[in-house]
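> I have a structure I would like to understand better, so I am pasting it below and will then ask my questions one at a time.
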Amino acid sequence: MKKKIYVADDDPSILEVCAMVLEDEGYEVETSPDGRSIQHRHDDLPNMVFLDIMMSGTSGDDICRSIKNNADTKDIPVVLISANRNIQDIACSCGADAILPKPFDIDKLIALAEKYA
Amino acid sequence: MQTEPEFLKGGGECGAITRSVDWAVTPLGSVAGWPSALRITLSTVLHSGFPMLLFWGPKHICFYNDAYRPSLGNEGKHPDAIGKPAEVVWPETWHIMEPNFRKILSTGEAQWNEDRYLPIYRNGKLENVYWTYSTSAVKNDEGQIEGLLVVCTETTSKVLNQKKLEENNEWLQMALDAAEMGTWDLNLATNTIQASELTKKLFGLPPDKEADLMLALNNVLEGDRNRVVEAIKRAIYQGEKYDVNYTVVIQDGLERMVNAKGKLYYTSDGSANRFAGIVQDVTDEVIVKRQQQQLASLVENSGDAMAIYGLDGRVMYVNDSCSKLIGLADKADASRLMYNDFYSLAEFKKVAPQLRYALQTLGKWSGNSALRHFITGEDIPCYIHVIKITDPHTGKIVAHGMSARDMRPEIEASQALQDSRERLALSLEAANMGTFDWLLAENRLTWDARCRQLFGIEDGKDVTYASTFLNGLHPDDRAATEAEVVKAFSTNSDGSYTARYRTVSPKGEFLYWVDAAGQAYFDEARKPIRLVGTVIDVTDEVNAQQEIAEREARFRLLSNVVGQMVWVADTSRQLIYLNKSGYNYTGLTDAELDIDSWQRLIHPDDKDEYLKHWQNLLVTGDEMQFEHRLRKKNGEYRWFLTRISAHKDGKQVWVNSSTDIQLIKESEEKKNDFFQMASHELKTPVTSVKAYSQFLQKQFEKRQDKAASGMLQKMNSQISKLEVLINDLLDINRIESGKMRFNEDHFHLNDLAKEVVEEVQRTTDKHIHLTLAPMEDTLVWGDHYRIGQVLTNLLSNAIKYSPGSNKVEVKIWLENEHVHCCVSDFGIGIPYEQQEHLFNRFYRVTGQNTDTFPGLGLGLYISAEIMKRQNGSIQVKSQPQVGSDFCFSLPLFKK
């Protein structure tokens, strides 16, 4: 059974390339343009989540909080992805497990997937 | 011959004469018929030893006795008077006797006369004779008065003696009065004083009363009284001579100095009963004596030299000044001098004729001459008076008096005055000042050449106040200048006059700007009599002032027109100038014009930093430049760029200019927001491009397609550079907007260096030689990422700018509580003069080769900003064509 990784980013290219890279590494990837679909989920849970912070309509740190406040999802590792320089502070405030500043090397993406999924 | 009746017997010579008279032919008839009253009375008269006369009957027939006989003298009435009527015997005094007789006959009362003057013809002449006599009526048996009996004594010698005594007394009194001497006579039994009028006057005693001793002593000056009392006691009890001087105070406070002399008088039994003497007013004498002493002292101590010499020319007296002036060793030597010794021979020849002539004609001589100094022989210029001294009584000339004033000080003073006048003239000339002098009484105005020049008036032409002065003033200045003159002359003025006016030529052309200053003088009635002063050309000054005023006005206009707020403050922290913009924006009132009021308008968030800058300015004097928000009068805050600089222009001032940069700030904000967004938006495509290309490279590597993977490798490295550029721009943006944030923690610089070197080494072929600090303890406090960024930047530069070298060195060490890190390359180096600009924004080293090196020139600026914010420092040491050392240091973290 493949490990499942949930990736949310409002840029379709990034979603696509991340999916390509992670699938190439043997993961099942679920993508979302806004991350709403991971909120209030109780089944079909991913092994880990990559969340972009600034997405059109939603904010990654809010979604991260709802994940961490949901008893069913609170143990799922969350990695925040952002071009924002303050990503570290935001990650701390919403309980995220790690960060991946944009632009990133795909090796780092793969390393994080290996570590948390 | 008739028998002699019994009652006529005896009676001496007069008895005999009486008897021999043939009475029958007399009105009394023969003796036998005489009444008994006559008989008895005549008998008594003839036998009495006391001089008596008897007049009987209506014809007052005379009888007298031997005792009376001498009073008739010889060659007179005796012996024929007996038996003759009184009127016949005493024709010379009948006019006195007859009324007396008649009175007694009518009244019957006796009369008593003492020392009565009744002249008598005797001894061949009329003699002045005095009598004391009693005349009483003799009555007959019927009680009728028939005779008058006169009992008398001639008192002529007594009266004459008394008269002589009185006269003597009078003479004495006159002498005493003439000598201003008073007499006094103290009765020792009663202690009363009989005093002459003068004495009474001297002592202030009541004129018509007897005074007592106590009353007299009361008027003796208190300080003298005991002495006088003691002297009186000694005179009375010890018989000492009484001669005292003392002062008497008369009621009105007038003091008289008196001299009293006296002695004790004794009665025949040898006891003292009177103490009498004289008193003399010596006030005038004392005063004269004092005046003489004063006069003598005045002469003696006079500053003028004085001398007296006799008619023979022999010097009799010289005063101190004189002996000093002519250099006499001893004043006594003067008596050996002749008056011509006072002068040198030449001078005497000159003076003597004038002296002789003037003394003969005028009785005195005054003139300038010179006295000779006895020792030095110097001629001392003197102003000399010579007078004749006359005897006050005889009016005869007895001597000559000379007084001489040493003129040397005056000559010096007048020389000095002359000098100072010359100096004044010189300084007036030097100051280009003119003078005026207006004598009001004569209405005479005097202008010197310079003054005339300023009014365009020729020399020699008369000048007057109204026609020359007032007409010479610019019409606009005339009223004000005249008012100044009136003010100087007003009664409550101190007389000072100042005015500034323009002068015009008679044709009305402008000549000069003139400052006039003067002083008015007044007579006793405060009436102005004179105005004296100076005038000076101030045209250039006025023009300059006007220019300055115009410039000032322009400056103010300018400072009000520019949007900036400008103020100037002095060391008392007062704003001595605030421009219109400043007033308008802040709404500050004139009462609030001080630095503190201004600083209260600064936004609280900016104030601490502002005050830090202000303090720095106060301490160092360096210009301060600071951006801050400042409250507008409506409460709104706007951003300003404030520059304050210290100036020492006469006094210390601070000049502030605050430029409204709100719009710039806002657009900067917008720009920053835009930058933030743009770089974020740039990062997104870079992220996906980077991911795609890395993924592609991976795929090609798996397929062993080296050409494709090689190209993709190059693409990735260019994407990394793009990423660095984007990050640099973002960092610049953050630095500029003050939004660069640091996530600080402690870490070992050794560890950071290892990580960075490892990472950079992966991207370069050059060998990076890392030398770590020998001890592990390189703990610092800061942002691990940012400090890594600095080291990365320095390493990138070192690699980039050392194309001809294959080695870069990194060295870390500890020194002075700091951790130091140096990156050294062996590349192109940097010229010295450019090194200081290296850390400026957008600065890039220029030179032949440098254009070939890409970059925005932001790396070192960002590194320096990071170091500044991390309490570190960064320096460069470089030599062209040798290489560069870039070093930074951070404080060692203490646990």
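Every chain in the structure tokens takes a letter, A first, then B, and so on in the order presented; its residues are numbered from 1, and the ligands are numbered from 1 following the presented order.
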Please return, as a list of chain:residue names, all residues of chain A lying within 8 Å of chain B when only C-alpha atoms are considered.
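Using only C-alpha atoms, chain A residues at most 8 Å from chain B: A:Asp11, A:Ser13, A:Ile14, A:Val17, A:Cys18, A:Val21, A:Ala83, A:Asn84, A:Lys102, A:Pro103, A:Phe104, A:Asp105, A:Ile106.
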> Need to verify the contact set: range 400-415 of chain B, 10 Å, only C-alpha atoms, exclusion of same-chain residues closer than 3 positions in sequence. Can you return it as an NGL selection string?
:B and (299 or 302-319 or 321-322 or 325 or 339 or 359 or 363-371 or 380-390 or 397 or 418-421)
> Taking the DSSP assignment computed from this structure's backbone, write out as a ChimeraX atom specification all residues of range 20-112 of chain A that belong to strand (DSSP E or B).
/A:28-32,48-52,54,59,78-82,98-101
> Can you pull out the residues contacting Cys94 in chain A? Cut-off 6 Å, using only C-alpha atoms, and skip same-chain residues under 3 positions away; I want them as a PyMOL selection string.
chain A and resi 61+65+91
> Mind writing the picked residues with C-alpha atoms as a PDB file, in the first residue's frame?

ATOM      1  CA  ASP A  61      -1.760  28.225   8.512  1.00  0.00           C
ATOM      2  CA  ARG A  65      -4.635  24.710  12.695  1.00  0.00           C
ATOM      3  CA  ALA A  91       4.839  27.367  11.287  1.00  0.00           C
TER       4      ALA A  91
END
> Between CA of Tyr117 in chain B and CA of Val129 in chain B, what is the distance, to one decimal in Å?
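Atom-to-atom, CA of Tyr117 in chain B and CA of Val129 in chain B are spaced 5.9 Å apart.
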> Would you mind reading off the distance between CA of Ala24 in chain B and CA of Lys59 in chain B, one decimal, in Å?
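Computing the Euclidean distance for CA of Ala24 in chain B and CA of Lys59 in chain B yields 14.9 Å.
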> Which neighbours of range 95-99 of chain A fall inside 9 Å, counting only C-alpha atoms, when residues of the same chain fewer than 3 positions from it are skipped, and could you give them as a list of chain:residue names?
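Counting only C-alpha atoms, the residues come to A:Phe50, A:Asp61, A:Cys64, A:Arg65, A:Lys68, A:Pro77, A:Val78, A:Val79, A:Leu80, A:Ile81, A:Ser82, A:Ile87, A:Gln88, A:Ile90, A:Ala91, A:Cys92, A:Leu112, A:Tyr116.
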> Give the helix (DSSP H, G or I) residues of range 55-92 of chain A, as assigned by DSSP on the backbone, as a list in words.
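Across range 55-92 of chain A, those assigned helix (DSSP H, G or I) are Gly60, Asp61, Asp62, Ile63, Cys64, Arg65, Ser66, Ile67, Lys68, Asn69, Ile87, Gln88, Asp89, Ile90, Ala91 and Cys92 of chain A.
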> Just want the 12 Å neighbourhood of Asn70 in chain A, counted on only C-alpha atoms, with same-chain residues fewer than 2 positions away dropped. Output as a ChimeraX atom specification.
/A:38-43,45,63-68,72-76
> With all heavy atoms retained, write the just-selected residues as a compact mmCIF listing (two decimals), in the first residue's frame.

# COMPACT_ATOMS: atom_id res chain seq x y z
N ILE A 38 -8.94 18.94 3.08
CA ILE A 38 -8.32 18.20 4.18
C ILE A 38 -8.99 18.55 5.52
O ILE A 38 -8.86 17.83 6.51
CB ILE A 38 -6.79 18.46 4.22
CG1 ILE A 38 -6.04 17.49 5.18
CG2 ILE A 38 -6.48 19.89 4.63
CD1 ILE A 38 -6.06 16.06 4.70
N GLN A 39 -9.70 19.71 5.54
CA GLN A 39 -10.37 20.12 6.77
C GLN A 39 -11.54 19.16 7.05
O GLN A 39 -12.21 18.74 6.11
CB GLN A 39 -10.92 21.54 6.63
CG GLN A 39 -9.83 22.61 6.67
CD GLN A 39 -10.42 24.00 6.40
OE1 GLN A 39 -10.99 24.23 5.34
NE2 GLN A 39 -10.26 24.87 7.39
N HIS A 40 -11.81 18.95 8.33
CA HIS A 40 -12.96 18.18 8.78
C HIS A 40 -13.01 16.78 8.16
O HIS A 40 -14.06 16.20 7.94
CB HIS A 40 -14.29 18.91 8.47
CG HIS A 40 -14.21 20.39 8.71
ND1 HIS A 40 -13.91 20.92 9.96
CD2 HIS A 40 -14.37 21.44 7.86
CE1 HIS A 40 -13.88 22.23 9.85
NE2 HIS A 40 -14.14 22.60 8.57
N ARG A 41 -11.88 16.20 7.81
CA ARG A 41 -11.84 14.85 7.22
C ARG A 41 -11.64 13.82 8.33
O ARG A 41 -10.90 14.08 9.28
CB ARG A 41 -10.67 14.79 6.21
CG ARG A 41 -10.75 13.54 5.32
CD ARG A 41 -9.49 13.48 4.47
NE ARG A 41 -9.66 14.32 3.26
CZ ARG A 41 -9.04 14.05 2.11
NH1 ARG A 41 -8.23 13.00 2.03
NH2 ARG A 41 -9.20 14.81 1.08
N HIS A 42 -12.33 12.74 8.20
CA HIS A 42 -12.25 11.72 9.24
C HIS A 42 -11.79 10.38 8.72
O HIS A 42 -11.43 9.50 9.49
CB HIS A 42 -13.60 11.57 9.95
CG HIS A 42 -14.04 12.87 10.55
ND1 HIS A 42 -13.46 13.41 11.68
CD2 HIS A 42 -14.99 13.80 10.16
CE1 HIS A 42 -14.01 14.57 11.95
NE2 HIS A 42 -14.96 14.83 11.01
N ASP A 43 -11.86 10.22 7.41
CA ASP A 43 -11.34 8.98 6.83
C ASP A 43 -10.55 9.28 5.56
O ASP A 43 -10.47 10.45 5.16
CB ASP A 43 -12.47 7.99 6.52
CG ASP A 43 -13.60 8.66 5.74
OD1 ASP A 43 -13.38 9.82 5.26
OD2 ASP A 43 -14.69 8.09 5.63
N LEU A 45 -7.41 9.29 5.27
CA LEU A 45 -6.47 10.30 5.73
C LEU A 45 -5.10 10.11 5.09
O LEU A 45 -4.65 8.98 4.91
CB LEU A 45 -6.32 10.22 7.26
CG LEU A 45 -7.60 10.50 8.04
CD1 LEU A 45 -7.35 10.23 9.53
CD2 LEU A 45 -8.09 11.93 7.84
N ILE A 63 -5.57 26.29 7.79
CA ILE A 63 -5.89 24.89 7.50
C ILE A 63 -5.05 23.96 8.40
O ILE A 63 -5.55 23.00 8.96
CB ILE A 63 -5.67 24.59 6.00
CG1 ILE A 63 -6.78 25.33 5.22
CG2 ILE A 63 -5.66 23.09 5.71
CD1 ILE A 63 -6.52 25.44 3.75
N CYS A 64 -3.78 24.39 8.60
CA CYS A 64 -2.91 23.63 9.47
C CYS A 64 -3.51 23.54 10.87
O CYS A 64 -3.54 22.48 11.50
CB CYS A 64 -1.53 24.26 9.51
SG CYS A 64 -0.40 23.50 10.68
N ARG A 65 -4.03 24.69 11.35
CA ARG A 65 -4.63 24.71 12.69
C ARG A 65 -5.82 23.75 12.78
O ARG A 65 -5.97 23.04 13.76
CB ARG A 65 -5.09 26.13 13.05
CG ARG A 65 -3.99 26.91 13.72
CD ARG A 65 -4.45 28.27 14.19
NE ARG A 65 -3.28 29.17 14.19
CZ ARG A 65 -2.97 30.01 13.20
NH1 ARG A 65 -3.77 30.12 12.16
NH2 ARG A 65 -1.86 30.73 13.26
N SER A 66 -6.69 23.80 11.71
CA SER A 66 -7.87 22.93 11.78
C SER A 66 -7.46 21.46 11.74
O SER A 66 -8.06 20.62 12.39
CB SER A 66 -8.88 23.28 10.68
OG SER A 66 -8.40 22.83 9.43
N ILE A 67 -6.37 21.17 11.01
CA ILE A 67 -5.87 19.79 11.00
C ILE A 67 -5.41 19.40 12.41
O ILE A 67 -5.76 18.34 12.91
CB ILE A 67 -4.68 19.63 10.01
CG1 ILE A 67 -5.17 19.78 8.56
CG2 ILE A 67 -3.95 18.30 10.21
CD1 ILE A 67 -4.06 19.90 7.53
N LYS A 68 -4.68 20.30 13.03
CA LYS A 68 -4.12 19.99 14.34
C LYS A 68 -5.19 20.01 15.44
O LYS A 68 -4.99 19.47 16.52
CB LYS A 68 -3.00 20.99 14.70
CG LYS A 68 -1.75 20.87 13.80
CD LYS A 68 -1.05 19.54 13.98
CE LYS A 68 0.10 19.36 12.98
NZ LYS A 68 0.72 18.01 13.11
N ASP A 72 -9.00 13.43 14.60
CA ASP A 72 -8.67 12.39 13.63
C ASP A 72 -7.42 12.72 12.83
O ASP A 72 -6.75 11.81 12.32
CB ASP A 72 -9.87 12.16 12.66
CG ASP A 72 -11.08 11.55 13.38
OD1 ASP A 72 -10.84 10.76 14.33
OD2 ASP A 72 -12.21 11.92 13.04
N THR A 73 -7.15 14.02 12.65
CA THR A 73 -6.04 14.40 11.78
C THR A 73 -4.85 14.99 12.51
O THR A 73 -3.83 15.30 11.91
CB THR A 73 -6.50 15.42 10.73
OG1 THR A 73 -7.08 16.54 11.44
CG2 THR A 73 -7.53 14.85 9.78
N LYS A 74 -5.03 15.22 13.85
CA LYS A 74 -4.00 16.00 14.57
C LYS A 74 -2.61 15.36 14.54
O LYS A 74 -1.61 16.05 14.69
CB LYS A 74 -4.43 16.27 16.00
CG LYS A 74 -4.50 15.07 16.92
CD LYS A 74 -4.89 15.52 18.33
CE LYS A 74 -5.23 14.39 19.28
NZ LYS A 74 -4.26 13.32 19.36
N ASP A 75 -2.52 14.08 14.31
CA ASP A 75 -1.21 13.43 14.31
C ASP A 75 -0.55 13.40 12.94
O ASP A 75 0.57 12.91 12.78
CB ASP A 75 -1.33 12.00 14.84
CG ASP A 75 -1.75 11.99 16.31
OD1 ASP A 75 -1.33 12.94 17.04
OD2 ASP A 75 -2.50 11.09 16.71
N ILE A 76 -1.28 13.91 11.93
CA ILE A 76 -0.70 13.91 10.58
C ILE A 76 0.35 15.03 10.50
O ILE A 76 0.05 16.19 10.78
CB ILE A 76 -1.78 14.14 9.52
CG1 ILE A 76 -2.84 13.04 9.60
CG2 ILE A 76 -1.19 14.22 8.12
CD1 ILE A 76 -4.06 13.27 8.73
